[in-house]
Amino acid sequence: MAVDITYQWQSADDSAFTVNVTNLGTASTQVTNEYAAQYYRCDVTCPSTPASTWSNPVYVPVAAYQTWYYDPDADGYYSLSESSCVYPGAGWTTDPHHGGGDCDDNDHTKWAYQLLYIDVDGDGFDNGTAIVCAGLEAPDGYWNNTFGPDCDDNNGAVNPNESEVCYNNIDDNCNGIIDENCCMNPTTLATTNITSSSVTLNWSAVESATKYKLQYKEAMGNSPWTVKKVSAGFTSTSITGLLASTKYKWKIQSICGSDQSAYSPVANFKTKALKEDDAYNGSLIEQNQFSIYPNPTAHSFIVDLNVKSDVNGEANIELLNELGQVIYTVRTEMTNGTIQFEVTPDENLAAGNYFVKVIANNEVYTERLMIQP
């Protein structure tokens, strides 16, 4: 038969908690934190038994509130905090000995945002700055200090401390110039002033060149290359003595003191058909390899002479009027059988026909010049 038993708890200030239990047995009750830190005693009442004497007092201690800090990587920096009278669980501690604000609580090597230098290639030169979550050491791709800005942060062999490497088409030392002080081959090859027997060959200047060496030949067949040397400072030269209606190819290299570049890629051109009045002049030009350009000109012009032997010595250039009177003269040098010299008369010349005479190597070379306003 079921018997109802009543357990009554009473605190020191007479606050009572009653627990009714069906059947014989034991009973318990919870005391909230509001009633903690007090003594309690119990009285048991049965239907057929008078109330018993109160039990001896039992002390219920206070479960105190504490501040807990979330630091799962145990680096001493926390990212969250909360107050609780019970342990919140794994990753929580009551002693964050460094402080809060952990920017990555899953990595014990990182805890604070820092302004670092971007250095992807690790050469000590930066590609700007970024705010990064880090610790005592900067993460990969970043650095605490810098030697200065980098021009290519993906190549550790390119920075202001490197020496320039020739012919790799890379600005190795980050000075804004590619392959400086290297003997580079000329580029931007072009042909102008094409006639039935002559052409002007043009190229871009190479800063370190002391002279240029070009070769040309007929495009078809096995004819040998003809070599012509041009002084530095000139970026064009006239080739004469060519065959009419013929395809030619040419290439050029730079000479830089004792160094020399590779030859440029080959360029091509085709001479025009021969006109009747070209026949005589063409044979003379082929023999002398002498030309002046531009012709006609308004004032100055270039004398371009190339003889078959590599002779050296002084040369005189004279400008004569149609009466054969010398109106201007200048002295220059023939080097390795080549003269390429810009003539600039002292006075403006009247429009008309003139003659240019070059005296070199005990030979006289003459060409007609037309001055136009």
# chains A, B, ... in the order shown; residues from 1 in each chain; ligands from 1
>>> closest_atom_pairs(of="stretch 190-219 of chain A", to="stretch 235-247 of chain A", cutoff="7 Å", atoms="only C-alpha atoms", output="CSV")
residue,atom,partner,partner_atom,distance
A:Ser196,CA,A:Ala244,CA,4.5
A:Ser197,CA,A:Leu242,CA,4.2
A:Ser198,CA,A:Thr240,CA,4.2
A:Val199,CA,A:Ile239,CA,5.4
A:Thr200,CA,A:Ser238,CA,4.3
A:Leu201,CA,A:Ser236,CA,5.3
A:Asn202,CA,A:Ser236,CA,4.2
A:Trp203,CA,A:Thr235,CA,5.4
A:Ser204,CA,A:Thr235,CA,6.1
A:Ala205,CA,A:Thr235,CA,5.9
A:Glu218,CA,A:Lys247,CA,6.0
A:Ala219,CA,A:Lys247,CA,5.5
>>> select_by_dssp(residues="stretch 177-209 of chain A", states="strand (DSSP E)", output="PyMOL selection string")
chain A and resi 190-192+199-202
>>> atom_distance(atom1="atom CA of A:Asp171", atom2="atom CA of A:Asp121")
16.0 Å
>>> residues_around(residues="A:Met370", least_positions_apart="4", cutoff="10 Å", atoms="only C-alpha atoms", output="list in words")
Pro294, Asn295, Pro296, Thr297, Ala298, His299, Ala351, Gly352, Asn353, Tyr354 and Phe355 of chain A
>>> residues_around(residues="stretch 101-116 of chain A", least_positions_apart="6", cutoff="9 Å", atoms="only C-alpha atoms", output="JSON, numbers by chain")
{"A": [70, 71, 72, 73, 74, 75, 76, 77, 78, 79, 80, 128, 129, 130, 131, 132, 133, 134, 135, 136, 137, 138, 139, 142, 143, 144, 145]}
